[in-house]
Each structure stands twice: as C-alpha cells, then as structure tokens.
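Asks: Got a file for you: query-v8.txt, compact mmCIF, C-alpha atoms.
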# COMPACT_ATOMS: atom_id res chain seq x y z
CA MET A 134 105.09 2.83 -5.25
CA ASN A 135 103.52 0.20 -3.00
CA ARG A 136 103.05 1.85 0.41
CA LYS A 137 103.98 -1.42 2.14
CA LEU A 138 107.60 -0.68 1.32
CA PHE A 139 109.78 1.17 3.82
CA SER A 140 112.81 3.30 3.15
CA ILE A 141 116.15 2.53 4.78
CA GLY A 142 115.65 5.53 7.07
CA GLU A 143 112.24 4.25 8.19
CA MET A 144 113.69 0.79 8.89
CA ALA A 145 116.46 2.39 10.90
CA ARG A 146 113.92 4.20 13.08
CA LEU A 147 111.67 1.12 13.44
CA PHE A 148 114.50 -1.14 14.60
CA HIS A 149 116.66 1.43 16.40
CA LEU A 150 119.55 0.88 14.02
CA SER A 151 121.76 3.33 12.17
CA VAL A 152 121.52 3.56 8.39
CA SER A 153 125.21 2.65 8.19
CA SER A 154 124.57 -0.51 10.23
CA ILE A 155 121.82 -1.62 7.87
CA ARG A 156 124.10 -1.05 4.89
CA HIS A 157 126.83 -3.01 6.65
CA TYR A 158 124.44 -5.90 7.31
CA GLU A 159 123.55 -5.86 3.62
CA SER A 160 127.21 -5.96 2.61
CA CYS A 161 127.67 -8.99 4.91
CA GLY A 162 124.77 -10.79 3.24
CA LEU A 163 122.48 -10.76 6.28
CA ILE A 164 119.62 -8.87 4.63
CA THR A 165 118.60 -7.91 1.10
CA PRO A 166 116.36 -4.96 0.15
CA GLU A 167 112.97 -5.84 -1.29
CA TYR A 168 113.44 -3.23 -3.97
CA VAL A 169 116.20 -0.89 -5.13
CA ASP A 170 115.13 2.07 -7.24
CA PRO A 171 117.17 1.79 -10.46
CA ASP A 172 117.21 5.57 -10.93
CA THR A 173 118.08 6.75 -7.41
CA GLY A 174 119.61 3.63 -5.85
CA TYR A 175 117.32 4.06 -2.81
CA ARG A 176 116.65 0.86 -0.90
CA TYR A 177 113.19 -0.25 0.20
CA TYR A 178 112.10 -3.06 2.49
CA SER A 179 108.85 -4.95 3.02
CA PRO A 180 107.20 -6.27 6.23
CA ARG A 181 108.41 -9.78 5.44
CA GLN A 182 111.91 -8.55 6.22
CA PHE A 183 110.92 -7.47 9.73
CA GLU A 184 111.72 -10.93 11.09
CA PRO A 185 115.37 -11.01 9.93
CA PHE A 186 115.80 -7.45 11.18
CA ASN A 187 114.45 -8.47 14.60
CA THR A 188 116.61 -11.60 14.63
CA ILE A 189 119.77 -9.65 13.80
CA ARG A 190 119.03 -7.01 16.42
CA TYR A 191 118.29 -9.63 19.10
CA LEU A 192 121.34 -11.78 18.41
CA ARG A 193 123.60 -8.73 18.23
CA ALA A 194 122.26 -7.76 21.67
CA LEU A 195 123.62 -11.13 22.80
CA ASP A 196 126.99 -10.10 21.30
CA MET A 197 126.81 -12.87 18.70
CA PRO A 198 129.26 -12.29 15.81
CA LEU A 199 127.80 -11.34 12.43
CA ASP A 200 129.16 -14.43 10.69
CA GLU A 201 127.33 -16.64 13.20
CA ILE A 202 124.12 -14.65 12.64
CA GLU A 203 124.51 -14.97 8.86
CA ASP A 204 124.99 -18.71 9.18
CA PHE A 205 121.78 -19.02 11.21
CA LEU A 206 119.73 -16.81 8.87
CA HIS A 207 120.74 -19.02 5.94
CA ASN A 208 120.25 -22.28 7.88
CA ARG A 209 117.34 -21.81 10.25
CA GLU A 210 116.88 -24.82 12.50
CA VAL A 211 115.96 -25.20 16.17
CA SER A 212 119.09 -27.27 16.77
CA LYS A 213 121.18 -24.64 15.02
CA ILE A 214 120.00 -21.75 17.21
CA GLU A 215 120.35 -23.89 20.36
CA GLU A 216 123.91 -24.71 19.39
CA LYS A 217 124.74 -21.06 18.72
CA LEU A 218 123.11 -19.82 21.92
CA SER A 219 124.96 -22.45 23.95
CA ARG A 220 128.27 -21.45 22.36
CA GLN A 221 127.54 -17.77 22.92
CA LYS A 222 126.70 -18.44 26.57
CA ALA A 223 130.12 -20.07 27.04
CA ILE A 224 131.80 -17.07 25.39
CA VAL A 225 129.91 -14.68 27.67
CA ALA A 226 130.93 -16.70 30.76
CA GLU A 227 134.57 -16.51 29.66
CA LYS A 228 134.27 -12.75 29.18
CA GLN A 229 132.72 -12.40 32.63
CA GLN A 230 135.73 -14.17 34.14
CA GLU A 231 138.07 -11.88 32.23
CA PHE A 232 136.17 -8.77 33.35
CA ALA A 233 136.33 -10.00 36.96
CA ARG A 234 140.12 -10.42 36.57
CA ILE A 235 140.42 -6.92 35.15
CA GLU A 236 138.35 -5.59 38.05
CA ARG A 237 140.78 -7.20 40.53
CA LYS A 238 143.70 -5.59 38.70
CA ILE A 239 141.99 -2.19 38.88
CA ASP A 240 141.28 -2.64 42.60
CA ALA A 241 144.92 -3.54 43.28
CA GLN A 242 146.21 -0.49 41.42
CA MET A 243 143.75 1.84 43.14
CA GLN A 244 144.81 0.43 46.52
CA ARG A 245 148.47 1.11 45.69
CA LEU A 246 147.65 4.70 44.81
CA ARG A 247 145.61 5.19 47.99
CA ASP A 248 148.42 3.71 50.10
CA ALA A 249 151.00 5.97 48.45
CA GLN A 250 148.94 9.11 48.99
CA SER A 251 148.21 8.32 52.64
CA ALA A 252 151.74 7.18 53.53
CA ALA A 253 153.66 8.81 56.38
CA LEU A 254 156.53 10.07 54.24
CA GLY A 255 160.04 9.86 55.64
CA ARG A 256 159.11 7.53 58.50
CA ILE A 257 161.07 4.29 58.78
CA GLU A 258 158.99 1.29 59.83
CA ILE A 259 159.44 -2.40 60.49
CA VAL A 260 156.72 -4.14 58.49
CA ARG A 261 155.73 -7.57 57.29
CA VAL A 262 155.58 -7.51 53.50
CA PRO A 263 153.07 -10.06 52.18
CA ALA A 264 154.16 -12.99 50.03
CA CYS A 265 154.33 -12.05 46.37
CA ARG A 266 155.46 -13.09 42.92
CA ILE A 267 158.10 -11.15 41.05
CA PHE A 268 160.02 -11.42 37.84
CA TRP A 269 163.62 -10.43 38.50
CA THR A 270 166.30 -9.79 35.92
CA GLU A 271 169.92 -8.80 36.38
CA ASN A 272 170.35 -5.29 35.04
CA HIS A 273 173.12 -3.02 36.27
CA THR A 274 172.24 0.66 36.12
CA THR A 275 172.07 3.77 38.27
CA ALA A 276 169.49 6.40 39.16
CA GLN A 277 171.80 8.94 37.50
CA GLU A 278 171.06 7.17 34.21
CA PRO A 279 167.29 7.70 33.79
CA GLU A 280 167.38 6.50 30.19
CA SER A 281 168.86 3.19 31.34
CA LEU A 282 166.11 2.84 33.94
CA ASP A 283 163.49 3.45 31.26
CA LEU A 284 165.17 0.97 28.91
CA SER A 285 165.19 -1.76 31.54
CA THR A 286 161.48 -1.14 32.07
CA SER A 287 160.76 -1.26 28.33
CA ASP A 288 162.60 -4.59 28.08
CA LEU A 289 160.17 -6.06 30.60
CA ALA A 290 157.19 -4.65 28.68
CA ALA A 291 158.39 -5.91 25.30
CA ALA A 292 158.56 -9.48 26.58
CA GLN A 293 154.87 -9.55 27.59
CA THR A 294 151.69 -9.83 25.54
CA GLU A 295 149.62 -8.44 28.43
CA ALA A 296 150.05 -4.82 29.49
CA ILE A 297 151.22 -5.17 33.09
CA ILE A 298 153.94 -2.53 33.26
CA PHE A 299 152.68 0.34 35.41
CA LEU A 300 153.55 2.43 38.42
CA GLY A 301 153.95 0.56 41.66
CA LYS A 302 154.81 -2.64 39.79
CA VAL A 303 158.29 -2.06 38.33
CA GLY A 304 161.17 -1.64 40.73
CA PHE A 305 164.92 -1.75 41.11
CA SER A 306 167.02 -3.64 43.60
CA ILE A 307 170.43 -3.68 45.25
CA SER A 308 171.83 -7.09 46.13
CA GLU A 309 172.27 -8.22 49.73
CA GLU A 310 176.04 -8.24 49.21
CA HIS A 311 176.15 -4.64 48.00
CA LEU A 312 173.76 -3.46 50.71
CA LYS A 313 176.11 -4.88 53.32
CA GLU A 314 178.99 -3.13 51.57
CA LYS A 315 176.97 0.13 51.72
CA ARG A 316 177.08 0.52 47.94
CA TYR A 317 173.89 2.44 47.26
CA ASP A 318 174.86 4.13 44.00
CA ARG A 319 174.12 1.24 41.63
CA TYR A 320 171.25 -1.18 41.10
CA ASP A 321 171.88 -4.86 40.48
CA GLY A 322 168.53 -5.77 39.02
CA THR A 323 165.09 -4.79 37.79
CA PHE A 324 161.98 -6.56 39.00
CA LEU A 325 158.30 -6.67 38.18
CA LEU A 326 155.86 -7.08 41.05
CA LEU A 327 152.85 -9.12 39.94
CA ASP A 328 149.28 -8.90 41.16
CA GLU A 329 147.37 -12.09 41.78
CA ALA A 330 145.36 -11.43 38.61
CA ASP A 331 148.35 -10.71 36.33
CA ARG A 332 149.31 -13.09 33.55
CA PHE A 333 153.02 -13.33 32.87
CA ASP A 334 155.19 -15.26 30.41
CA GLY A 335 158.41 -16.28 32.10
CA THR A 336 159.96 -17.80 35.19
CA LEU A 337 158.80 -16.12 38.38
CA LEU A 338 160.35 -15.85 41.82
CA ALA A 339 157.98 -16.51 44.72
CA LEU A 340 158.91 -14.42 47.75
CA PRO A 341 157.50 -15.49 51.12
CA GLU A 342 156.08 -13.08 53.66
CA THR A 343 159.11 -11.11 54.78
CA LEU A 344 160.06 -8.85 57.68
CA CYS A 345 161.38 -5.61 56.20
CA VAL A 346 162.47 -2.15 57.13
CA ARG A 347 160.57 0.27 54.93
CA VAL A 348 160.62 3.95 54.12
CA ARG A 349 158.36 5.89 51.81
CA PHE A 350 159.63 9.31 50.85
CA CYS A 351 158.77 12.25 48.67
CA GLY A 352 161.09 11.97 45.71
CA HIS A 353 162.36 9.68 43.00
CA HIS A 354 165.21 7.21 42.56
CA LEU A 355 167.80 10.01 42.53
CA GLN A 356 167.05 10.62 46.21
CA SER A 357 167.33 6.93 47.14
CA PRO A 358 170.99 6.76 48.32
CA GLU A 359 170.23 9.15 51.17
CA GLN A 360 167.28 6.97 52.19
CA TYR A 361 169.40 3.81 52.11
CA ARG A 362 171.81 5.48 54.54
CA ARG A 363 168.91 6.33 56.85
CA LEU A 364 167.73 2.71 56.69
CA GLU A 365 171.29 1.55 57.40
CA GLN A 366 171.46 3.65 60.58
CA PHE A 367 168.01 2.47 61.66
CA MET A 368 169.04 -1.19 61.24
CA GLN A 369 172.18 -0.64 63.28
CA GLU A 370 170.21 0.99 66.07
CA HIS A 371 167.65 -1.82 66.14
CA ARG A 372 170.19 -4.63 65.70
CA LEU A 373 168.69 -5.85 62.45
CA GLN A 374 170.58 -7.94 59.91
CA ILE A 375 170.06 -7.59 56.12
CA CYS A 376 168.87 -10.87 54.61
CA GLY A 377 167.91 -10.16 51.00
CA PHE A 378 167.92 -7.72 48.13
CA SER A 379 166.16 -4.37 48.38
CA ARG A 380 162.87 -3.60 46.67
CA GLU A 381 162.68 -0.01 45.47
CA ILE A 382 159.53 1.10 43.68
CA ALA A 383 158.26 4.48 42.50
CA LEU A 384 154.64 4.44 43.65
CA ILE A 385 153.86 7.85 42.16
CA ASP A 386 156.08 9.62 39.65
CA TYR A 387 155.96 11.47 36.32
CA GLY A 388 153.92 8.62 34.81
CA ILE A 389 150.93 9.91 36.80
CA THR A 390 151.71 13.50 37.75
CA SER A 391 153.94 16.31 36.55
CA ASP A 392 154.10 17.68 40.12
CA ALA A 393 157.39 16.42 41.56
CA GLU A 394 156.24 17.31 45.07
CA LYS A 395 153.71 14.48 44.81
CA PHE A 396 156.26 11.81 43.85
CA VAL A 397 156.41 8.88 46.28
CA THR A 398 159.07 6.18 46.26
CA GLU A 399 159.25 3.16 48.56
CA ILE A 400 162.29 1.16 49.66
CA CYS A 401 161.99 -2.16 51.52
CA ILE A 402 164.95 -4.19 52.78
CA PRO A 403 164.43 -7.73 54.16
CA VAL A 404 165.85 -8.08 57.69
CA ARG A 405 166.12 -10.46 60.62
CA GLN A 406 166.97 -9.84 64.26
CA GLU A 407 170.64 -10.29 65.13
What would the structure in this file look like if it were written as structure tokens?
Replies:
Amino acid sequence: MNRKLFSIGEMARLFHLSVSSIRHYESCGLITPEYVDPDTGYRYYSPRQFEPFNTIRYLRALDMPLDEIEDFLHNREVSKIEEKLSRQKAIVAEKQQEFARIERKIDAQMQRLRDAQSAALGRIEIVRVPACRIFWTENHTTAQEPESLDLSTSDLAAAQTEAIIFLGKVGFSISEEHLKEKRYDRYDGTFLLLDEADRFDGTLLALPETLCVRVRFCGHHLQSPEQYRRLEQFMQEHRLQICGFSREIALIDYGITSDAEKFVTEICIPVRQE
C-alpha cells in the first residue's frame, strides 16, 4: 500500500478529532476517504485531504454548523466564506447577549439565596421594596392544601416557554380586603416575581417602589398565619395602614434542601402611615 495514505486513526491523531467525528463528517458528505479497502472496509486518506480536514476543524472551532461547512467545501469562493463568517459573527454576538442575560439571572438568584441565609429571622422590619414586575393570577387556595399550591405553581410554569419558575420567584398573596379582615387562612392569588432579565409571555403588573412591613422566618407557608398576626400587631403599634396585597415567598424550602430547619419564608405587606 502507498505509504502516503493514512488510516482513520492516524488522521484522528493528526487533527485532534475522534474517529467517530471523522465518520460523522463522512456521513454528512464533508469528506471522502481516498481509499477504502474492499476486504476490510478500512478507510485511508491522502495528504490532499489535509486541507478539508483543517477547514472543517477551524470552522467548527468557530461553532459554524456542519451544513454551512459542507456548503462552503462544495462551493469555495472568497465571497462565500466572507458571507458565512459574517453570518457566524452575528450568531456569536447574539449568543453573547444571551449568555450575559443568563449570567444576570444567575446573579439575581444567588443574591436571593445569600439574602435568605443572612436574614435576621423573626424580626419585623419596615423596608422599601424596590419596584418590580409580577405576573399575578387569581387562585384561591390554602397552605393546608400543599398539592393545590404546587398545582398553581405548575400552571404558571406550563404557560411559559422559558424556565423561570424557581425558589424566591413564586409567591402567594392575600388581598388587601382580607388582610384588613384578618383572614390569614386563605390565599387569594399566586404571583410570579420577575427578574430584569426574565422573558415572560403574558400581561404583567408593574409594582412601584413600596413601603412594606416585612418578616422573614424559619418555616414554610403552614407557619404563615402566625406571622401575619405578628405583622398585624406591629402595624397597630406603629400606626401603619395596609394599602395592598401581601407578597409571601418561600426563599428556601424543600426545592433546595431537605432540612426543614433551613427553610426561610418572607412576607411583605404594603403599608402607609395613618
């Protein structure tokens, strides 16, 4: 056999490719062996195929799709490669923007977790809650019906193409009317708190920066009624008037840890001075 021929294994080592990748490129029509032994089926390649191998490897390093590479290999022109490189550059720029958005989402979630773990649990505070966007839906349920809470969350998730349902983002609320009536045993709605980087299909409610009384406590929604009563007493003592629906969110629960002693739930109630 002519020694200028190289086996598929040798080509794989020369071009830092796997044998399976080379076979895949062949099946896609990107390269063709110089010679196939009719008895063994072994593939052999010649030095004149080094250039297409190098081209494939280089363009794959630029994340160019195989069909685009095949089109160029079969239609080699300066204008053609310029066009493909320009298009690929635009795709890369779009991916960079998407990665930056994902990074902002990760940062926001990590900040929520850090805040929850460092919170002074049980302490009632008067805070200014930043402006935010939420999706709110009427959904009557109770903390004593965990399956109903989970179903209301799944309904939000099913309506979205992007995965945005996670801890610290889904909450439950009691209406202003029912808060004033001291009815803490039933939720009036479910809401989804959106990060700046979240994409959402649906009509959103923009909430302005709001003065709130807030408590973060060790526990889950089942322990919330007691915390609402504590907030009620605090508001009476400080002459604060309820002026909106509550925002109750599990910041850490069984979705992250099986240790119930690490659960953290937050309740905020919008208020104004009497």
Asks: Sort by chain and increasing residue number a table of all residues of segment 177-267 of chain A within 7 Å of segment 139-149 of chain A, each with its closest pair of atoms and their distance in Å to one decimal, counting all atoms listed in the file, and write it as CSV.
Replies:
residue,atom,partner,partner_atom,distance
A:Tyr177,CA,A:Ser140,CA,4.6
A:Tyr178,CA,A:Phe139,CA,5.0
A:Ser179,CA,A:Phe139,CA,6.2
Asks: Just want the 7 Å neighbourhood of segment 351-366 of chain A, counted on all atoms listed in the file, with same-chain residues fewer than 5 positions away dropped. Output as a PyMOL selection string.
Replies: chain A and resi 254+276-277+317-318+383+394-398
Asks: Can you pull out the residues contacting segment 267-269 of chain A? Cut-off 6 Å, using only C-alpha atoms, and skip same-chain residues under 2 positions away; I want them as a list in words.
Replies: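 Those residues are Thr323, Phe324, Leu325, Leu326, Leu327, Leu337 and Leu338 of chain A.
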Asks: Would you save the residues of that selection, restricted to C-alpha atoms, as a compact mmCIF listing (two decimals), in the frame of the given file?
Replies:
# COMPACT_ATOMS: atom_id res chain seq x y z
CA THR A 323 165.09 -4.79 37.79
CA PHE A 324 161.98 -6.56 39.00
CA LEU A 325 158.30 -6.67 38.18
CA LEU A 326 155.86 -7.08 41.05
CA LEU A 327 152.85 -9.12 39.94
CA LEU A 337 158.80 -16.12 38.38
CA LEU A 338 160.35 -15.85 41.82
Asks: Between A:Pro403, A:Pro180, A:Pro263, A:Gly174, which residue has the minimum interatomic distance to Glu381 of chain A, considering all atoms listed in the file?
Replies: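 Under the stated criterion, the closest residue is A:Pro403.
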Asks: Env of segment 202-204 of chain A: 12 Å cut, atoms = all atoms listed in the file, seq-sep filter 5 positions within chain, self excluded. Answer as a ChimeraX atom specification.
Replies: /A:158-164,185-197,209-210,213-214,216-218,221
Asks: Pull N, CA and C atoms for segment 323-344 of chain A from the block and write them as a compact mmCIF listing (two decimals), in the first residue's frame.
Replies:
# COMPACT_ATOMS: atom_id res chain seq x y z
N THR A 323 -51.85 33.80 43.21
CA THR A 323 -50.47 33.34 43.04
C THR A 323 -49.76 34.35 42.16
N PHE A 324 -48.52 34.63 42.47
CA PHE A 324 -47.79 35.58 41.63
C PHE A 324 -46.40 35.07 41.32
N LEU A 325 -45.86 35.58 40.24
CA LEU A 325 -44.51 35.26 39.79
C LEU A 325 -43.70 36.54 39.76
N LEU A 326 -42.65 36.59 40.56
CA LEU A 326 -41.77 37.76 40.61
C LEU A 326 -40.71 37.61 39.54
N LEU A 327 -40.59 38.60 38.67
CA LEU A 327 -39.70 38.50 37.52
C LEU A 327 -38.43 39.31 37.71
N ASP A 328 -37.30 38.70 37.35
CA ASP A 328 -36.05 39.42 37.30
C ASP A 328 -36.04 40.31 36.07
N GLU A 329 -35.14 41.28 36.07
CA GLU A 329 -35.00 42.17 34.92
C GLU A 329 -34.70 41.38 33.66
N ALA A 330 -33.97 40.28 33.78
CA ALA A 330 -33.53 39.51 32.61
C ALA A 330 -34.52 38.43 32.18
N ASP A 331 -35.63 38.25 32.92
CA ASP A 331 -36.59 37.21 32.58
C ASP A 331 -37.42 37.59 31.36
N ARG A 332 -37.72 36.59 30.54
CA ARG A 332 -38.67 36.77 29.44
C ARG A 332 -39.97 36.09 29.84
N PHE A 333 -41.09 36.78 29.60
CA PHE A 333 -42.37 36.25 30.06
C PHE A 333 -43.44 36.53 29.02
N ASP A 334 -44.28 35.53 28.77
CA ASP A 334 -45.41 35.67 27.85
C ASP A 334 -46.67 35.91 28.66
N GLY A 335 -47.19 37.12 28.59
CA GLY A 335 -48.40 37.43 29.34
C GLY A 335 -48.41 38.87 29.81
N THR A 336 -49.52 39.27 30.37
CA THR A 336 -49.68 40.63 30.86
C THR A 336 -49.10 40.74 32.27
N LEU A 337 -48.22 41.70 32.44
CA LEU A 337 -47.53 41.86 33.72
C LEU A 337 -48.07 43.05 34.49
N LEU A 338 -47.88 43.00 35.79
CA LEU A 338 -48.26 44.09 36.69
C LEU A 338 -46.98 44.74 37.19
N ALA A 339 -46.84 46.03 36.92
CA ALA A 339 -45.65 46.77 37.37
C ALA A 339 -45.95 47.38 38.73
N LEU A 340 -45.21 46.97 39.74
CA LEU A 340 -45.39 47.49 41.10
C LEU A 340 -44.31 48.54 41.37
N PRO A 341 -44.70 49.71 41.83
CA PRO A 341 -43.71 50.75 42.13
C PRO A 341 -42.95 50.41 43.42
N GLU A 342 -41.91 51.15 43.68
CA GLU A 342 -41.23 51.01 44.97
C GLU A 342 -42.26 51.22 46.08
N THR A 343 -42.25 50.33 47.06
CA THR A 343 -43.33 50.31 48.04
C THR A 343 -42.78 50.20 49.46
N LEU A 344 -43.37 50.97 50.37
CA LEU A 344 -43.05 50.83 51.79
C LEU A 344 -43.80 49.61 52.31
